[in-house]
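Engineer: The structure file work_36.pdb (PDB, C-alpha atoms, pLDDT in the B column) is provided below.
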ATOM      1  CA  MET A   1      30.943  11.372  -8.951  1.00 63.00           C
ATOM      2  CA  PRO A   2      31.336   7.580  -9.096  1.00 72.00           C
ATOM      3  CA  ASP A   3      34.000   5.839  -7.049  1.00 77.00           C
ATOM      4  CA  PRO A   4      37.095   5.260  -9.247  1.00 82.00           C
ATOM      5  CA  ASN A   5      37.825   1.936  -7.487  1.00 84.00           C
ATOM      6  CA  ALA A   6      36.233  -1.393  -8.278  1.00 87.00           C
ATOM      7  CA  PRO A   7      33.381  -2.239  -5.848  1.00 87.00           C
ATOM      8  CA  ASP A   8      35.462  -5.045  -4.317  1.00 92.00           C
ATOM      9  CA  ALA A   9      38.611  -2.923  -3.827  1.00 90.00           C
ATOM     10  CA  GLU A  10      40.042  -3.258  -0.294  1.00 91.00           C
ATOM     11  CA  VAL A  11      39.800   0.522   0.189  1.00 91.00           C
ATOM     12  CA  ASN A  12      35.998   0.247  -0.074  1.00 93.00           C
ATOM     13  CA  LYS A  13      35.471  -1.997   2.983  1.00 94.00           C
ATOM     14  CA  PRO A  14      32.926  -0.367   5.308  1.00 95.00           C
ATOM     15  CA  ASN A  15      34.078   1.744   8.240  1.00 93.00           C
ATOM     16  CA  LEU A  16      33.014   1.005  11.779  1.00 92.00           C
ATOM     17  CA  PRO A  17      29.572   2.480  12.414  1.00 92.00           C
ATOM     18  CA  LEU A  18      28.860   5.357  14.770  1.00 93.00           C
ATOM     19  CA  ASP A  19      26.576   5.633  17.813  1.00 95.00           C
ATOM     20  CA  PHE A  20      25.955   1.948  18.567  1.00 96.00           C
ATOM     21  CA  HIS A  21      23.134   1.877  21.135  1.00 96.00           C
ATOM     22  CA  PHE A  22      20.254  -0.198  22.530  1.00 97.00           C
ATOM     23  CA  SER A  23      16.775   1.153  21.942  1.00 95.00           C
ATOM     24  CA  VAL A  24      14.328  -1.425  23.323  1.00 96.00           C
ATOM     25  CA  ILE A  25      15.053  -4.474  25.477  1.00 97.00           C
ATOM     26  CA  THR A  26      12.322  -6.920  26.526  1.00 97.00           C
ATOM     27  CA  ASP A  27      12.401 -10.391  28.065  1.00 97.00           C
ATOM     28  CA  SER A  28      12.808 -11.996  24.613  1.00 97.00           C
ATOM     29  CA  GLU A  29      14.401  -9.420  22.299  1.00 97.00           C
ATOM     30  CA  ILE A  30      17.148  -6.820  22.130  1.00 98.00           C
ATOM     31  CA  ASN A  31      16.817  -3.940  19.673  1.00 97.00           C
ATOM     32  CA  CYS A  32      19.876  -1.902  18.788  1.00 96.00           C
ATOM     33  CA  GLY A  33      20.914   0.583  16.160  1.00 96.00           C
ATOM     34  CA  TRP A  34      23.756   2.716  14.844  1.00 95.00           C
ATOM     35  CA  MET A  35      24.659   5.031  11.969  1.00 94.00           C
ATOM     36  CA  TRP A  36      26.680   3.827   9.038  1.00 90.00           C
ATOM     37  CA  ALA A  37      29.893   5.831   8.717  1.00 82.00           C
ATOM     38  CA  ILE A  38      30.457   6.596   5.039  1.00 86.00           C
ATOM     39  CA  ASP A  39      33.455   8.687   4.006  1.00 86.00           C
ATOM     40  CA  ARG A  40      33.476   7.632   0.351  1.00 83.00           C
ATOM     41  CA  VAL A  41      30.802   6.390  -2.035  1.00 80.00           C
ATOM     42  CA  GLY A  42      32.286   2.888  -2.373  1.00 83.00           C
ATOM     43  CA  ARG A  43      32.080   2.241   1.359  1.00 89.00           C
ATOM     44  CA  ILE A  44      28.288   2.097   1.527  1.00 90.00           C
ATOM     45  CA  PRO A  45      27.344  -1.071   3.433  1.00 94.00           C
ATOM     46  CA  LYS A  46      24.923  -3.546   1.876  1.00 93.00           C
ATOM     47  CA  GLY A  47      23.842  -4.831   5.276  1.00 94.00           C
ATOM     48  CA  THR A  48      24.838  -6.149   8.673  1.00 95.00           C
ATOM     49  CA  TYR A  49      25.779  -9.548  10.032  1.00 97.00           C
ATOM     50  CA  MET A  50      25.000 -10.354  13.669  1.00 97.00           C
ATOM     51  CA  TYR A  51      26.078 -12.977  16.201  1.00 98.00           C
ATOM     52  CA  CYS A  52      24.385 -13.462  19.588  1.00 98.00           C
ATOM     53  CA  ILE A  53      25.950 -15.681  22.259  1.00 97.00           C
ATOM     54  CA  GLU A  54      25.145 -16.166  25.932  1.00 97.00           C
ATOM     55  CA  TYR A  55      27.652 -14.095  27.893  1.00 98.00           C
ATOM     56  CA  ASP A  56      28.539 -17.038  30.154  1.00 97.00           C
ATOM     57  CA  GLN A  57      29.956 -18.819  27.076  1.00 97.00           C
ATOM     58  CA  VAL A  58      32.445 -16.020  26.261  1.00 97.00           C
ATOM     59  CA  LYS A  59      33.169 -14.097  29.474  1.00 96.00           C
ATOM     60  CA  HIS A  60      36.452 -15.942  30.011  1.00 96.00           C
ATOM     61  CA  TYR A  61      37.791 -14.657  26.647  1.00 96.00           C
ATOM     62  CA  GLN A  62      38.706 -11.246  28.150  1.00 92.00           C
ATOM     63  CA  GLY A  63      41.566  -9.319  26.539  1.00 95.00           C
ATOM     64  CA  LYS A  64      42.426  -8.480  22.940  1.00 96.00           C
ATOM     65  CA  GLU A  65      43.692 -11.991  22.223  1.00 97.00           C
ATOM     66  CA  GLY A  66      40.501 -13.484  23.630  1.00 97.00           C
ATOM     67  CA  LEU A  67      38.392 -11.204  21.444  1.00 97.00           C
ATOM     68  CA  LYS A  68      40.476 -12.165  18.390  1.00 97.00           C
ATOM     69  CA  GLU A  69      39.767 -15.813  19.201  1.00 97.00           C
ATOM     70  CA  ILE A  70      36.018 -15.130  19.417  1.00 97.00           C
ATOM     71  CA  PHE A  71      36.066 -13.268  16.090  1.00 97.00           C
ATOM     72  CA  LYS A  72      37.939 -16.134  14.438  1.00 97.00           C
ATOM     73  CA  ILE A  73      35.253 -18.554  15.643  1.00 97.00           C
ATOM     74  CA  LEU A  74      32.481 -16.231  14.444  1.00 97.00           C
ATOM     75  CA  ASP A  75      34.076 -15.957  10.996  1.00 96.00           C
ATOM     76  CA  ASP A  76      33.619 -19.730  10.605  1.00 95.00           C
ATOM     77  CA  HIS A  77      29.858 -19.686  11.333  1.00 95.00           C
ATOM     78  CA  ASP A  78      26.789 -18.328   9.577  1.00 93.00           C
ATOM     79  CA  PRO A  79      25.540 -14.991  10.916  1.00 95.00           C
ATOM     80  CA  SER A  80      22.053 -13.542  10.990  1.00 95.00           C
ATOM     81  CA  PHE A  81      21.474 -10.901   8.309  1.00 95.00           C
ATOM     82  CA  GLY A  82      19.977  -7.428   8.563  1.00 92.00           C
ATOM     83  CA  PRO A  83      19.662  -4.944   5.669  1.00 91.00           C
ATOM     84  CA  GLN A  84      19.660  -1.765   7.787  1.00 91.00           C
ATOM     85  CA  PRO A  85      21.752  -0.071  10.480  1.00 93.00           C
ATOM     86  CA  ALA A  86      19.560  -1.615  13.157  1.00 93.00           C
ATOM     87  CA  PHE A  87      18.900  -5.108  14.435  1.00 95.00           C
ATOM     88  CA  LYS A  88      16.135  -6.875  16.360  1.00 96.00           C
ATOM     89  CA  VAL A  89      17.901  -9.762  18.109  1.00 97.00           C
ATOM     90  CA  THR A  90      15.545 -12.603  19.049  1.00 97.00           C
ATOM     91  CA  HIS A  91      17.654 -15.766  18.574  1.00 97.00           C
ATOM     92  CA  LEU A  92      21.051 -17.117  19.558  1.00 97.00           C
ATOM     93  CA  SER A  93      23.604 -17.835  16.851  1.00 97.00           C
ATOM     94  CA  LYS A  94      24.070 -21.498  16.003  1.00 96.00           C
ATOM     95  CA  ILE A  95      27.643 -22.018  17.180  1.00 96.00           C
ATOM     96  CA  PRO A  96      28.152 -25.437  18.831  1.00 94.00           C
ATOM     97  CA  MET A  97      31.405 -24.314  20.469  1.00 92.00           C
ATOM     98  CA  PHE A  98      29.339 -21.724  22.356  1.00 94.00           C
ATOM     99  CA  GLY A  99      26.645 -24.166  23.410  1.00 91.00           C
ATOM    100  CA  VAL A 100      24.068 -23.742  20.627  1.00 93.00           C
ATOM    101  CA  ASP A 101      23.748 -26.536  18.100  1.00 91.00           C
ATOM    102  CA  VAL A 102      20.181 -25.905  16.929  1.00 88.00           C
ATOM    103  CA  ILE A 103      18.735 -23.150  14.774  1.00 86.00           C
ATOM    104  CA  HIS A 104      16.178 -20.733  16.219  1.00 87.00           C
ATOM    105  CA  GLN A 105      17.007 -21.004  19.934  1.00 94.00           C
ATOM    106  CA  THR A 106      15.284 -17.909  21.324  1.00 96.00           C
ATOM    107  CA  LEU A 107      16.580 -15.438  23.894  1.00 97.00           C
ATOM    108  CA  SER A 108      15.669 -16.110  27.520  1.00 97.00           C
ATOM    109  CA  PRO A 109      14.418 -13.638  30.139  1.00 98.00           C
ATOM    110  CA  ASP A 110      16.921 -12.157  32.603  1.00 97.00           C
ATOM    111  CA  THR A 111      19.938 -13.481  30.695  1.00 98.00           C
ATOM    112  CA  GLU A 112      23.156 -11.729  29.648  1.00 98.00           C
ATOM    113  CA  TYR A 113      24.214 -11.816  25.999  1.00 98.00           C
ATOM    114  CA  PHE A 114      27.343 -10.968  24.023  1.00 98.00           C
ATOM    115  CA  LEU A 115      26.538  -9.355  20.671  1.00 98.00           C
ATOM    116  CA  ALA A 116      28.907  -8.877  17.750  1.00 98.00           C
ATOM    117  CA  PHE A 117      28.044  -7.143  14.485  1.00 97.00           C
ATOM    118  CA  THR A 118      29.886  -6.396  11.270  1.00 96.00           C
ATOM    119  CA  THR A 119      28.726  -4.426   8.245  1.00 95.00           C
ATOM    120  CA  PHE A 120      29.633  -5.614   4.749  1.00 95.00           C
ATOM    121  CA  ASN A 121      29.699  -4.758   1.072  1.00 94.00           C
ATOM    122  CA  ASP A 122      31.408  -6.178  -2.055  1.00 94.00           C
ATOM    123  CA  ALA A 123      34.845  -5.227  -0.674  1.00 95.00           C
ATOM    124  CA  GLY A 124      34.440  -7.150   2.586  1.00 95.00           C
ATOM    125  CA  ARG A 125      33.438  -6.620   6.191  1.00 95.00           C
ATOM    126  CA  SER A 126      34.036  -3.847   8.682  1.00 95.00           C
ATOM    127  CA  HIS A 127      35.721  -4.661  11.958  1.00 95.00           C
ATOM    128  CA  TYR A 128      33.424  -6.205  14.554  1.00 97.00           C
ATOM    129  CA  PHE A 129      31.507  -3.966  16.950  1.00 97.00           C
ATOM    130  CA  GLY A 130      29.050  -4.708  19.734  1.00 97.00           C
ATOM    131  CA  THR A 131      29.093  -5.417  23.470  1.00 97.00           C
ATOM    132  CA  PHE A 132      32.832  -5.192  23.877  1.00 97.00           C
ATOM    133  CA  ASP A 133      35.621  -2.625  23.834  1.00 96.00           C
ATOM    134  CA  TYR A 134      38.367  -3.960  21.612  1.00 93.00           C
ATOM    135  CA  GLN A 135      40.848  -1.212  22.553  1.00 93.00           C
ATOM    136  CA  GLN A 136      40.514  -2.106  26.248  1.00 94.00           C
ATOM    137  CA  GLY A 137      40.112  -5.835  25.576  1.00 94.00           C
ATOM    138  CA  GLN A 138      36.939  -5.918  27.660  1.00 96.00           C
ATOM    139  CA  ILE A 139      33.914  -8.074  26.951  1.00 96.00           C
ATOM    140  CA  SER A 140      30.603  -6.824  28.289  1.00 96.00           C
ATOM    141  CA  SER A 141      27.004  -7.871  27.891  1.00 97.00           C
ATOM    142  CA  VAL A 142      23.421  -6.754  27.560  1.00 98.00           C
ATOM    143  CA  ARG A 143      20.739  -8.362  29.736  1.00 98.00           C
ATOM    144  CA  THR A 144      17.167  -9.134  28.748  1.00 98.00           C
ATOM    145  CA  LYS A 145      14.463  -8.058  31.172  1.00 97.00           C
ATOM    146  CA  GLU A 146      12.850 -10.425  33.648  1.00 96.00           C
ATOM    147  CA  ALA A 147       9.853 -12.371  32.380  1.00 91.00           C
ATOM    148  CA  SER A 148       6.642 -10.407  32.665  1.00 78.00           C
ATOM    149  CA  SER A 149       4.049 -11.987  34.921  1.00 65.00           C
ATOM    150  CA  GLY A 150       0.451 -12.571  33.925  1.00 54.00           C
TER     151      GLY A 150
END
Just dump the structure as structure tokens.
Structural biologist:
Amino acid sequence: MPDPNAPDAEVNKPNLPLDFHFSVITDSEINCGWMWAIDRVGRIPKGTYMYCIEYDQVKHYQGKEGLKEIFKILDDHDPSFGPQPAFKVTHLSKIPMFGVDVIHQTLSPDTEYFLAFTTFNDAGRSHYFGTFDYQQGQISSVRTKEASSG
């Protein structure tokens, strides 16, 4: 049965995904995935937006208010796009306030990163999810592996 609401109706914004996890981490990429949580037809996500920032740039934003400030900054910058409930992160987000003012700056070995994702459809975006616990107001990170020798 089709959804009785218009595709852009507020009630159709995507839910937070389930089972966010890291699958493969190397010295230059971070692979993660999740399941889209769909409780009504209209809430099917069209894709995912991703932001990647060096942890050192955001670690002092601890607490719910700090996370809100980060999300506000992210909302004003272009994300990376992924069509599926998975993401291969290889580049930092271009956000001058967080130290990156060029496109395509790659991840570095043995470095901690803050990741934030949001799914979207015609009705809008889900809440952010990633390497943080919003309820606890704690920011965490994921670290790339050390550079492989030889």
Engineer: Go through A:Val41, A:Leu67, A:Ile73, A:Val11 one by one, measure the shortest atom-to-atom distance of each to Met97 in chain A using all atoms listed in the file, and give the residue with the smallest value.
Structural biologist: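 Looking at the shortest contact to Met97 in chain A, the residue is A:Ile73.
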Engineer: From the options A:Pro7, A:Gly63, A:Gly82, A:Gly42, which residue's atoms come nearest to Gln135 in chain A, counting all atoms listed in the file?
Structural biologist: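 Using all atoms listed in the file, the shortest distance to Gln135 in chain A belongs to A:Gly63.
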Engineer: Evaluate the PyMOL selection byres ((chain A and resi 98) around 8) on the structure here and hand back the selected residues as a list in words.
Structural biologist: Ile53, Glu54, Gln57, Val58, Ile95, Pro96, Met97, Gly99 and Val100 of chain A
Engineer: Name the residues in contact with Tyr134 in chain A at a cut-off of 12 Å, using all atoms listed in the file, excluding same-chain residues fewer than 6 positions from it; report them as a PyMOL selection string.
Structural biologist: chain A and resi 61-68+70-71+116+127-128+140
Engineer: Counting all atoms listed in the file, figure out which residue out of A:Glu29, A:Arg43, A:Met35, A:Ile139 gets nearest to Asn121 in chain A.
Structural biologist: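 With all atoms listed in the file as the atom set, the closest residue is A:Arg43.
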Engineer: Taking all atoms listed in the file into account, which of A:Ala123, A:Ala9, A:Ile103, A:Leu92 comes nearest Ile30 in chain A?
Structural biologist: A:Leu92
Engineer: Which residues would end up in the selection if the PyMOL selection byres ((chain A and resi 142) around 12) were applied here, given that I need the answer as a VMD selection string?
Structural biologist: chain A and resid 21 to 27 29 to 32 52 to 56 89 107 109 to 116 130 to 132 139 to 141 143 to 145
Engineer: Tell me, as number ranges by chain, which residues lie within 10 Å of Pro85 in chain A, counting all atoms listed in the file; anything in the same chain fewer than 3 positions away does not count.
Structural biologist: A: 17-18, 20, 32-36, 45-48, 82, 119
Engineer: Record the distance separating CA of Asn15 in chain A and CA of Lys88 in chain A, expressed in Å with one decimal.
Structural biologist: 21.5 Å
Engineer: Could you tell me how far CA of Phe81 in chain A lies from CA of Tyr51 in chain A, in Å and to one decimal?
Structural biologist: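 A separation of 9.4 Å between them.
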Engineer: Which distance in Å separates CA of Val102 in chain A and CA of Lys72 in chain A, to one decimal?
Structural biologist: 20.4 Å
Engineer: Which is closer to Asp101 in chain A than all the others in A:His77, A:Phe117, A:Ser148, A:Gly124, using only C-alpha atoms?
Structural biologist: A:His77
Engineer: With only C-alpha atoms as the atoms that count, which of A:Pro14, A:Tyr49, A:Pro4, A:Gly137 lies nearest to Glu69 in chain A?
Structural biologist: A:Gly137
